[in-house]
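What follows is a short report on a single structure.
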Amino acid sequence: MTTFENAKAIGYAPLVEKIQAASLTEYGLCPEPLMDKVYRAAAKEGDVYVYAGLNNADVDCALLDLLREKPDKVLSGIEIAGFLTGAAAKFLYLPEEEKELTDSLRPAAQAHNVILVNDIINVREAEQDMILHIATACDLAGLVDGEYAEGAYVKTADKALAKVPADTPVADLVSLDGAKAVYLGYQYYTPEEAKSLTAKDATTALIRVISEKECIVNETNKILGKYRIRSCGRCVFCREGLIQLEYMQKEITAARGKTNYADLTKEIGEAMITQTLCTVGQDSSKIALSAFEKFGDEFTAHIKKNKCPAGVCGAFVHIYVDPQTCNGCEECTDVCPADCIEGKSGFIHMIDEFECTKCGKCIEVCEEEAIIMTSGKLPKLPNRLMKVGKFKKH
């Protein structure tokens with residue numbers, strides 16, 4: 001028998017007892033006993049629907065690996081939730097960018113009578129129905145099949161998604177040696193703070209260590225960009241707030257940051273938490289708030305000292321060709337995507353800094369190590385093409 005057939009064979013009342021005995025709880029940002037959600041949805045007047053997916057704010061998408069690795073488990077869990085609530089229809093929501101995954105799931109979804117949608121769940125429309133996390137659906141199916149184990153899902157840079165005991169210390173899951181920050185659960189933590197965290201705090205499953213070679217401002221900017229794309233735009237505070245938060249991060253990385261950005265981020269971010277309806281608005285600002293709060297020195301360096309401590313932000317670094325070392329091999333000109341390196345065989349090459357994107361590809365191919373990235377002052381350089389060995393510093 002299939003998992004869903006097993007659930008029906010157990011019977012409604014015994015299945016409810018089984019769920020309650022296991023203390024099965026909704027996964028992610030909105031934890032509550034699963035049967036509380038079932039009873040609330042079943043009490044709705046008219047047709048009931050099941051809306052399954054990630055938390056709307058989850059741009060890490062690590063838990064989508066459950067759908068890649070155990071699609072029948074997740075879909076069976078959604079089907080069982082429909083049985084428990086008497087749902088007229090069941091939907092599985094996936095991020096818009098996951099069209100390939102969606103297409104791969106279509107045959108199985110049809111077999112389970114689950115409708116696939118590439119969007120975020122509209123919590124306004126679904127508030128009286130059942131919103132179900134895909135991890136909860138997977139656990140529900142596992143419970144029916146006798147395979148359920150309590151715990152929290154975790155994914156790291158070197159380990160695939162797996163369930164571990166919820167009280168497993170983060171320090172046992174990732175190395176904190178040399179860490180600048182730890183990103184999990186929609187925000188940053190200092191390495192010292194991370195020592196007190198456990199697997200259950202990784203509500204998106206992803207635990208990522210930020211090293212000293214990475215820029216907090218740049219990383220925050222990238223994450224806010226994902227949130228801005230994810231936002232449906234219906235909540236004004238979410239839509240406009242994310243535009244403003246991302247804009248400020250971009251300005252800081254471009255050496256145009258202002259000293260009032262910390263206060264503005266706090267004002268906008270805290271308003272988003274209280275004035276928006278779904279987790280996109282409520283949780284997306286936490287990345288910017290925690291960045292300014294815990295790594296203010298890095299923002300100060302960008303804004304006041306005109307320096308990116310990690311040497312990542314291109315506006316604060318220079319790339320130049322050392323005229324004493326360059327042998328005129330033309331390797332760098334061949335790989336430059338911006339076509340901003342002037343030179344010919346046997347002549348010292350020159351980089352047009354205005355056009356340079358700081359991608360670093362020229363540095364990678366230069367066997368003479370003649371191309372240098374620095375956040376300091378540029379040395380005296382040629383202002384015209386000249387043969388190798390002819391440039392004099394004075």
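Lettering and numbering for the structure tokens are positional, with chains as A, B, ... in the shown order, residues counted from 1 in each chain, and ligands counted from 1 in the shown order.
Residues in contact with Asp177 (chain A) at up to 10 Å, not including ones fewer than 6 positions away on its chain and judged by only C-alpha atoms, are Ala171, Pro191, Val209 and Ser211 of chain A.
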How would the residues just picked look written out with N, CA and C atoms as a PDB file, in the first residue's frame?
ATOM      1  N   ALA A 171      28.000  24.584  17.247  1.00  0.00           N
ATOM      2  CA  ALA A 171      29.457  24.401  17.238  1.00  0.00           C
ATOM      3  C   ALA A 171      29.862  22.963  16.909  1.00  0.00           C
ATOM      4  N   PRO A 191      30.317  34.713  16.421  1.00  0.00           N
ATOM      5  CA  PRO A 191      30.764  33.354  16.769  1.00  0.00           C
ATOM      6  C   PRO A 191      30.504  33.021  18.241  1.00  0.00           C
ATOM      7  N   VAL A 209      28.806  29.670   7.742  1.00  0.00           N
ATOM      8  CA  VAL A 209      29.857  30.413   8.434  1.00  0.00           C
ATOM      9  C   VAL A 209      30.399  31.483   7.494  1.00  0.00           C
ATOM     10  N   SER A 211      33.368  33.963   6.756  1.00  0.00           N
ATOM     11  CA  SER A 211      34.780  34.087   7.119  1.00  0.00           C
ATOM     12  C   SER A 211      35.230  35.541   7.078  1.00  0.00           C
TER      13      SER A 211
END
field: Neighbour list for Lys258 (chain A) as number ranges by chain, cut-off 9 Å, only C-alpha atoms, skip fewer than 5 positions in-chain
entry: A: 248, 251-252, 303-304
Write the residues of the selection above to a file with C-alpha atoms, as an mmCIF file, in the first residue's frame.
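File selection-v6.cif, as written:
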data_model
loop_
_atom_site.group_PDB
_atom_site.id
_atom_site.type_symbol
_atom_site.label_atom_id
_atom_site.label_comp_id
_atom_site.auth_asym_id
_atom_site.auth_seq_id
_atom_site.Cartn_x
_atom_site.Cartn_y
_atom_site.Cartn_z
ATOM 1 C CA MET A 248 21.347 51.457 1.449
ATOM 2 C CA GLU A 251 25.239 52.506 -1.642
ATOM 3 C CA ILE A 252 27.572 51.396 1.153
ATOM 4 C CA ILE A 303 31.166 54.655 5.390
ATOM 5 C CA LYS A 304 33.715 56.686 7.354
#
Contacts of region 267-274 of chain A at 8 Å (only C-alpha atoms; same-chain gap of 3+ positions) as JSON, numbers by chain: {"A": [237, 238, 241, 245, 263, 264, 281, 282, 283, 285, 286, 288, 289]}
Could you take the residues named above and write them with C-alpha atoms, as a PDB file, in the first residue's frame?
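Resulting contents of selection_18.pdb:
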ATOM      1  CA  PHE A 237       5.998  48.268   4.347  1.00  0.00           C
ATOM      2  CA  CYS A 238       7.497  45.094   2.892  1.00  0.00           C
ATOM      3  CA  GLY A 241      11.073  48.677   3.046  1.00  0.00           C
ATOM      4  CA  LEU A 245      17.133  48.432   2.795  1.00  0.00           C
ATOM      5  CA  ASP A 263      19.251  54.640  12.180  1.00  0.00           C
ATOM      6  CA  LEU A 264      17.200  54.411   8.984  1.00  0.00           C
ATOM      7  CA  GLY A 281       8.143  41.315   5.590  1.00  0.00           C
ATOM      8  CA  GLN A 282       8.321  40.111   9.181  1.00  0.00           C
ATOM      9  CA  ASP A 283      11.678  38.334   8.894  1.00  0.00           C
ATOM     10  CA  SER A 285      14.652  42.886   7.697  1.00  0.00           C
ATOM     11  CA  LYS A 286      16.361  40.849  10.428  1.00  0.00           C
ATOM     12  CA  ALA A 288      19.994  44.050   7.904  1.00  0.00           C
ATOM     13  CA  LEU A 289      19.131  44.764  11.535  1.00  0.00           C
TER      14      LEU A 289
END
- prompt: Can you list every residue in region 97-333 of chain A that DSSP puts in helix (DSSP H, G or I), as a PyMOL selection string?
  reply: chain A and resi 99-111+123-126+134-144+170-173+191-194+199-201+216-230+236-253+261-275+279-284+286-294+296-303+314-316+331-333
Expected file: the selected residues, C-alpha atoms, as a compact mmCIF listing (two decimals), in the first residue's frame:
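Done, and the output landed in part_15.txt:
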# COMPACT_ATOMS: atom_id res chain seq x y z
CA LYS A 99 10.55 25.96 -12.50
CA GLU A 100 12.81 22.99 -13.29
CA LEU A 101 12.06 21.34 -9.94
CA THR A 102 8.36 22.04 -10.44
CA ASP A 103 8.36 20.36 -13.85
CA SER A 104 10.17 17.32 -12.47
CA LEU A 105 7.49 16.94 -9.76
CA ARG A 106 4.44 17.16 -12.03
CA PRO A 107 3.86 13.42 -12.64
CA ALA A 108 4.16 12.58 -8.93
CA ALA A 109 2.04 15.58 -7.91
CA GLN A 110 -0.74 14.51 -10.27
CA ALA A 111 -0.64 11.00 -8.79
CA VAL A 123 -1.60 34.27 3.75
CA ARG A 124 -4.58 36.61 3.43
CA GLU A 125 -6.48 34.06 1.38
CA ALA A 126 -5.18 31.07 3.32
CA ILE A 134 6.93 20.79 3.42
CA ALA A 135 9.13 19.51 6.26
CA THR A 136 6.00 18.90 8.35
CA ALA A 137 4.44 17.06 5.42
CA CYS A 138 7.53 14.87 5.13
CA ASP A 139 7.46 14.14 8.87
CA LEU A 140 3.73 13.34 8.75
CA ALA A 141 4.28 10.76 6.01
CA GLY A 142 7.25 9.36 7.92
CA LEU A 143 5.09 8.98 11.01
CA VAL A 144 2.49 6.97 9.06
CA VAL A 170 25.79 24.62 16.25
CA ALA A 171 29.46 24.40 17.24
CA ASP A 172 29.22 20.62 16.68
CA LEU A 173 27.79 21.12 13.20
CA PRO A 191 30.76 33.35 16.77
CA GLU A 192 30.39 33.78 20.53
CA GLU A 193 26.59 33.93 20.23
CA ALA A 194 26.61 30.91 17.93
CA ALA A 199 20.09 22.94 15.44
CA LYS A 200 16.51 24.01 16.21
CA ASP A 201 17.57 27.65 15.72
CA ILE A 216 29.08 41.45 5.80
CA VAL A 217 27.76 44.43 3.83
CA ASN A 218 28.13 42.66 0.51
CA GLU A 219 26.54 39.44 1.82
CA THR A 220 23.63 41.39 3.34
CA ASN A 221 23.09 43.18 0.05
CA LYS A 222 22.85 39.85 -1.82
CA ILE A 223 20.36 38.38 0.66
CA LEU A 224 18.17 41.50 0.61
CA GLY A 225 18.14 41.29 -3.18
CA LYS A 226 16.66 37.79 -2.94
CA TYR A 227 14.01 39.05 -0.51
CA ARG A 228 13.06 41.94 -2.78
CA ILE A 229 12.47 39.49 -5.63
CA ARG A 230 10.53 37.14 -3.33
CA VAL A 236 3.56 48.56 1.43
CA PHE A 237 6.00 48.27 4.35
CA CYS A 238 7.50 45.09 2.89
CA ARG A 239 7.69 46.33 -0.69
CA GLU A 240 9.05 49.79 0.04
CA GLY A 241 11.07 48.68 3.05
CA LEU A 242 13.02 46.09 1.09
CA ILE A 243 13.72 48.59 -1.70
CA GLN A 244 15.14 51.03 0.85
CA LEU A 245 17.13 48.43 2.79
CA GLU A 246 18.73 47.01 -0.34
CA TYR A 247 19.42 50.50 -1.70
CA MET A 248 21.35 51.46 1.45
CA GLN A 249 23.47 48.30 1.32
CA LYS A 250 24.26 48.91 -2.35
CA GLU A 251 25.24 52.51 -1.64
CA ILE A 252 27.57 51.40 1.15
CA THR A 253 29.30 48.81 -1.05
CA TYR A 261 21.90 54.54 7.37
CA ALA A 262 22.11 52.62 10.67
CA ASP A 263 19.25 54.64 12.18
CA LEU A 264 17.20 54.41 8.98
CA THR A 265 17.70 50.65 8.83
CA LYS A 266 16.51 50.29 12.42
CA GLU A 267 13.44 52.45 11.82
CA ILE A 268 12.44 50.71 8.58
CA GLY A 269 13.35 47.20 9.73
CA GLU A 270 11.40 47.35 12.97
CA ALA A 271 8.36 48.75 11.16
CA MET A 272 8.48 45.86 8.69
CA ILE A 273 8.41 43.32 11.52
CA THR A 274 5.18 44.71 12.98
CA GLN A 275 3.38 46.11 9.93
CA THR A 279 7.06 36.16 6.98
CA VAL A 280 8.73 37.91 4.02
CA GLY A 281 8.14 41.31 5.59
CA GLN A 282 8.32 40.11 9.18
CA ASP A 283 11.68 38.33 8.89
CA SER A 284 13.55 39.74 5.89
CA LYS A 286 16.36 40.85 10.43
CA ILE A 287 19.39 40.30 8.21
CA ALA A 288 19.99 44.05 7.90
CA LEU A 289 19.13 44.76 11.54
CA SER A 290 21.50 42.08 12.84
CA ALA A 291 24.26 43.19 10.44
CA PHE A 292 24.24 46.78 11.69
CA GLU A 293 23.74 45.79 15.32
CA LYS A 294 26.47 43.16 15.55
CA GLY A 296 28.70 48.01 13.06
CA ASP A 297 32.48 48.39 12.86
CA GLU A 298 32.45 46.91 9.36
CA PHE A 299 29.80 49.41 8.24
CA THR A 300 31.74 52.24 9.86
CA ALA A 301 34.86 51.21 7.95
CA HIS A 302 32.95 51.38 4.67
CA ILE A 303 31.17 54.65 5.39
CA GLY A 314 35.18 46.83 -5.67
CA ALA A 315 34.63 50.52 -4.95
CA PHE A 316 37.28 50.36 -2.22
CA GLU A 331 47.14 36.49 -21.03
CA CYS A 332 45.18 39.01 -18.97
CA THR A 333 43.78 40.81 -22.01
query: What lies within 7 Å of Gly346 (chain A) using only C-alpha atoms, ignoring chain neighbours under 6 positions off, as a ChimeraX atom specification?
result: /A:327-329,387-388
Kindly export the residues of the current selection with N, CA and C atoms, as a PDB file, in the first residue's frame.
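Result file is selection08.pdb:
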ATOM      1  N   ASN A 327      55.388  41.055 -18.112  1.00  0.00           N
ATOM      2  CA  ASN A 327      56.246  40.630 -19.229  1.00  0.00           C
ATOM      3  C   ASN A 327      55.542  40.758 -20.574  1.00  0.00           C
ATOM      4  N   GLY A 328      54.364  41.407 -20.566  1.00  0.00           N
ATOM      5  CA  GLY A 328      53.667  41.660 -21.822  1.00  0.00           C
ATOM      6  C   GLY A 328      53.154  40.416 -22.519  1.00  0.00           C
ATOM      7  N   CYS A 329      52.691  39.431 -21.755  1.00  0.00           N
ATOM      8  CA  CYS A 329      52.290  38.143 -22.348  1.00  0.00           C
ATOM      9  C   CYS A 329      50.887  38.154 -22.953  1.00  0.00           C
ATOM     10  N   LYS A 387      57.483  49.597 -23.801  1.00  0.00           N
ATOM     11  CA  LYS A 387      58.031  48.247 -23.841  1.00  0.00           C
ATOM     12  C   LYS A 387      58.406  47.765 -22.435  1.00  0.00           C
ATOM     13  N   VAL A 388      58.320  46.436 -22.280  1.00  0.00           N
ATOM     14  CA  VAL A 388      58.691  45.807 -21.018  1.00  0.00           C
ATOM     15  C   VAL A 388      60.126  46.186 -20.667  1.00  0.00           C
TER      16      VAL A 388
END
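Between Asn118 (chain A) and the residues A:Thr156, A:Thr3, A:Asn56, A:Thr85, the shortest atom-to-atom distance, using only C-alpha atoms, involves A:Asn56.
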Neighbour list for Phe83 (chain A) as an mmCIF file with N, CA and C atoms, in the first residue's frame, cut-off 12 Å, only C-alpha atoms, skip fewer than 5 positions in-chain:
data_model
loop_
_atom_site.group_PDB
_atom_site.id
_atom_site.type_symbol
_atom_site.label_atom_id
_atom_site.label_comp_id
_atom_site.auth_asym_id
_atom_site.auth_seq_id
_atom_site.Cartn_x
_atom_site.Cartn_y
_atom_site.Cartn_z
ATOM 1 N N PHE A 4 -0.347 7.055 1.684
ATOM 2 C CA PHE A 4 -1.688 7.609 1.869
ATOM 3 C C PHE A 4 -2.704 6.501 2.151
ATOM 4 N N GLU A 5 -2.561 5.392 1.477
ATOM 5 C CA GLU A 5 -3.456 4.254 1.731
ATOM 6 C C GLU A 5 -3.253 3.728 3.155
ATOM 7 N N ASN A 6 -2.003 3.731 3.622
ATOM 8 C CA ASN A 6 -1.733 3.322 5.001
ATOM 9 C C ASN A 6 -2.428 4.252 5.995
ATOM 10 N N ALA A 7 -2.393 5.561 5.693
ATOM 11 C CA ALA A 7 -3.027 6.542 6.572
ATOM 12 C C ALA A 7 -4.527 6.298 6.668
ATOM 13 N N LYS A 8 -5.160 6.057 5.523
ATOM 14 C CA LYS A 8 -6.608 5.810 5.530
ATOM 15 C C LYS A 8 -6.929 4.491 6.220
ATOM 16 N N ALA A 9 -6.056 3.503 6.065
ATOM 17 C CA ALA A 9 -6.278 2.198 6.704
ATOM 18 C C ALA A 9 -6.170 2.308 8.231
ATOM 19 N N GLY A 11 -7.128 4.821 9.927
ATOM 20 C CA GLY A 11 -8.396 5.416 10.362
ATOM 21 C C GLY A 11 -8.185 6.786 10.962
ATOM 22 N N TYR A 12 -9.196 7.642 10.866
ATOM 23 C CA TYR A 12 -9.051 9.039 11.277
ATOM 24 C C TYR A 12 -8.667 9.167 12.754
ATOM 25 N N ALA A 13 -9.472 8.607 13.632
ATOM 26 C CA ALA A 13 -9.233 8.779 15.072
ATOM 27 C C ALA A 13 -7.900 8.185 15.524
ATOM 28 N N LEU A 15 -5.283 7.771 13.716
ATOM 29 C CA LEU A 15 -4.224 8.579 13.109
ATOM 30 C C LEU A 15 -4.020 9.865 13.916
ATOM 31 N N VAL A 16 -5.113 10.475 14.341
ATOM 32 C CA VAL A 16 -5.028 11.671 15.180
ATOM 33 C C VAL A 16 -4.278 11.352 16.472
ATOM 34 N N VAL A 38 -4.911 21.435 12.058
ATOM 35 C CA VAL A 38 -5.926 20.605 11.403
ATOM 36 C C VAL A 38 -7.322 20.973 11.883
ATOM 37 N N ALA A 41 -8.510 24.448 10.636
ATOM 38 C CA ALA A 41 -8.889 24.450 9.221
ATOM 39 C C ALA A 41 -10.185 23.682 8.995
ATOM 40 N N ALA A 42 -10.339 22.560 9.683
ATOM 41 C CA ALA A 42 -11.537 21.729 9.500
ATOM 42 C C ALA A 42 -12.799 22.441 9.970
ATOM 43 N N VAL A 48 -12.400 23.734 2.320
ATOM 44 C CA VAL A 48 -11.106 23.871 2.991
ATOM 45 C C VAL A 48 -10.007 23.515 1.996
ATOM 46 N N TYR A 49 -8.869 24.214 2.097
ATOM 47 C CA TYR A 49 -7.744 23.949 1.201
ATOM 48 C C TYR A 49 -6.462 23.769 2.025
ATOM 49 N N VAL A 50 -5.559 22.961 1.483
ATOM 50 C CA VAL A 50 -4.234 22.808 2.084
ATOM 51 C C VAL A 50 -3.232 23.528 1.182
ATOM 52 N N SER A 76 2.912 12.753 -0.161
ATOM 53 C CA SER A 76 2.017 11.905 0.645
ATOM 54 C C SER A 76 1.569 12.634 1.904
ATOM 55 N N GLY A 77 2.497 13.379 2.525
ATOM 56 C CA GLY A 77 2.147 14.146 3.713
ATOM 57 C C GLY A 77 1.096 15.204 3.419
ATOM 58 N N ILE A 78 1.227 15.859 2.258
ATOM 59 C CA ILE A 78 0.226 16.852 1.850
ATOM 60 C C ILE A 78 -1.125 16.167 1.634
ATOM 61 N N ALA A 88 -10.852 20.313 -0.056
ATOM 62 C CA ALA A 88 -11.386 20.214 -1.411
ATOM 63 C C ALA A 88 -10.261 20.182 -2.437
ATOM 64 N N ALA A 89 -9.099 20.762 -2.091
ATOM 65 C CA ALA A 89 -7.948 20.763 -2.996
ATOM 66 C C ALA A 89 -6.681 20.976 -2.180
ATOM 67 N N LYS A 90 -5.578 20.506 -2.736
ATOM 68 C CA LYS A 90 -4.279 20.605 -2.053
ATOM 69 C C LYS A 90 -3.278 21.236 -3.012
ATOM 70 N N HIS A 112 -0.701 12.236 -6.694
ATOM 71 C CA HIS A 112 -1.127 12.513 -5.318
ATOM 72 C C HIS A 112 -2.236 13.561 -5.257
ATOM 73 N N ASN A 113 -2.732 13.968 -6.429
ATOM 74 C CA ASN A 113 -3.788 14.993 -6.492
ATOM 75 C C ASN A 113 -3.370 16.294 -5.817
ATOM 76 N N MET A 130 -5.416 25.511 5.812
ATOM 77 C CA MET A 130 -4.244 24.906 6.450
ATOM 78 C C MET A 130 -2.987 25.222 5.651
#
Contacts of region 347-360 of chain A at 9 Å (only C-alpha atoms; same-chain gap of 3+ positions) as a compact mmCIF listing (two decimals) with N, CA and C atoms, in the first residue's frame:
# COMPACT_ATOMS: atom_id res chain seq x y z
N CYS A 313 34.54 44.64 -1.64
CA CYS A 313 33.76 45.65 -2.36
C CYS A 313 34.66 46.39 -3.34
N GLY A 314 34.33 46.29 -4.61
CA GLY A 314 35.18 46.83 -5.67
C GLY A 314 35.42 48.32 -5.59
N ALA A 315 34.48 49.07 -5.02
CA ALA A 315 34.63 50.52 -4.95
C ALA A 315 35.78 50.94 -4.04
N VAL A 317 38.72 49.04 -3.67
CA VAL A 317 39.97 48.40 -4.05
C VAL A 317 40.39 48.84 -5.45
N HIS A 318 41.66 48.72 -5.71
CA HIS A 318 42.23 49.03 -7.01
C HIS A 318 42.93 47.79 -7.55
N ILE A 319 42.85 47.59 -8.85
CA ILE A 319 43.62 46.53 -9.51
C ILE A 319 44.54 47.21 -10.52
N TYR A 320 45.81 46.89 -10.44
CA TYR A 320 46.76 47.52 -11.38
C TYR A 320 47.81 46.50 -11.83
N VAL A 321 48.48 46.82 -12.91
CA VAL A 321 49.58 45.99 -13.42
C VAL A 321 50.89 46.57 -12.94
N ASP A 322 51.67 45.76 -12.24
CA ASP A 322 52.99 46.19 -11.77
C ASP A 322 53.91 46.32 -12.98
N PRO A 323 54.32 47.53 -13.32
CA PRO A 323 55.14 47.72 -14.54
C PRO A 323 56.53 47.11 -14.44
N GLN A 324 56.98 46.83 -13.21
CA GLN A 324 58.30 46.22 -13.04
C GLN A 324 58.26 44.71 -13.24
N THR A 325 57.06 44.13 -13.18
CA THR A 325 56.94 42.66 -13.23
C THR A 325 56.29 42.16 -14.52
N CYS A 326 55.42 42.98 -15.11
CA CYS A 326 54.68 42.57 -16.31
C CYS A 326 55.65 42.21 -17.44
N ASN A 327 55.39 41.05 -18.11
CA ASN A 327 56.25 40.63 -19.23
C ASN A 327 55.54 40.76 -20.57
N GLY A 328 54.36 41.41 -20.57
CA GLY A 328 53.67 41.66 -21.82
C GLY A 328 53.15 40.42 -22.52
N CYS A 329 52.69 39.43 -21.76
CA CYS A 329 52.29 38.14 -22.35
C CYS A 329 50.89 38.15 -22.95
N GLU A 330 50.06 39.12 -22.60
CA GLU A 330 48.69 39.29 -23.12
C GLU A 330 47.68 38.27 -22.57
N CYS A 332 46.25 38.30 -19.68
CA CYS A 332 45.18 39.01 -18.97
C CYS A 332 44.19 39.66 -19.93
N THR A 333 44.68 40.16 -21.05
CA THR A 333 43.78 40.81 -22.01
C THR A 333 42.80 39.81 -22.61
N CYS A 336 39.84 39.18 -19.85
CA CYS A 336 39.11 40.31 -19.26
C CYS A 336 37.72 40.45 -19.89
N PRO A 337 36.64 40.21 -19.11
CA PRO A 337 35.29 40.30 -19.67
C PRO A 337 34.87 41.73 -19.99
N ALA A 338 35.52 42.71 -19.34
CA ALA A 338 35.17 44.12 -19.58
C ALA A 338 36.03 44.74 -20.68
N ASP A 339 36.98 43.99 -21.19
CA ASP A 339 37.88 44.47 -22.25
C ASP A 339 38.53 45.80 -21.84
N CYS A 340 39.00 45.84 -20.60
CA CYS A 340 39.52 47.11 -20.08
C CYS A 340 41.03 47.10 -19.88
N ILE A 341 41.72 46.07 -20.42
CA ILE A 341 43.17 46.00 -20.29
C ILE A 341 43.80 46.32 -21.64
N GLU A 342 44.59 47.37 -21.65
CA GLU A 342 45.26 47.79 -22.88
C GLU A 342 46.67 47.21 -22.90
N GLY A 343 47.08 46.69 -24.03
CA GLY A 343 48.43 46.15 -24.12
C GLY A 343 48.61 45.29 -25.35
N LYS A 344 49.87 45.07 -25.70
CA LYS A 344 50.21 44.16 -26.79
C LYS A 344 51.48 43.43 -26.41
N ILE A 363 43.98 38.49 -12.48
CA ILE A 363 44.91 38.09 -11.42
C ILE A 363 45.12 36.58 -11.45
N GLU A 364 44.05 35.83 -11.69
CA GLU A 364 44.13 34.37 -11.69
C GLU A 364 45.03 33.83 -12.78
N MET A 373 45.84 43.49 -6.53
CA MET A 373 44.66 44.14 -5.96
C MET A 373 45.06 44.74 -4.62
N LEU A 381 52.42 54.68 -12.08
CA LEU A 381 52.19 53.73 -13.17
C LEU A 381 52.39 54.43 -14.52
N PRO A 382 52.65 53.68 -15.58
CA PRO A 382 52.78 54.29 -16.91
C PRO A 382 51.47 54.96 -17.33
N ASN A 383 51.56 56.04 -18.07
CA ASN A 383 50.37 56.69 -18.61
C ASN A 383 50.22 56.46 -20.11
N ARG A 384 51.11 55.61 -20.66
CA ARG A 384 51.03 55.22 -22.06
C ARG A 384 51.73 53.88 -22.22
N LEU A 385 51.47 53.20 -23.31
CA LEU A 385 52.12 51.92 -23.55
C LEU A 385 53.61 52.10 -23.75
N MET A 386 54.37 51.24 -23.10
CA MET A 386 55.83 51.25 -23.32
C MET A 386 56.35 49.82 -23.19
N LYS A 387 57.48 49.60 -23.80
CA LYS A 387 58.03 48.25 -23.84
C LYS A 387 58.41 47.77 -22.43
N VAL A 388 58.32 46.44 -22.28
CA VAL A 388 58.69 45.81 -21.02
C VAL A 388 60.13 46.19 -20.67
N GLY A 389 60.33 46.57 -19.39
CA GLY A 389 61.67 46.90 -18.91
C GLY A 389 62.06 48.35 -19.08
N LYS A 390 61.23 49.15 -19.75
CA LYS A 390 61.56 50.54 -20.02
C LYS A 390 61.01 51.53 -18.99
N PHE A 391 60.07 51.06 -18.14
CA PHE A 391 59.46 51.99 -17.18
C PHE A 391 60.39 52.26 -16.02
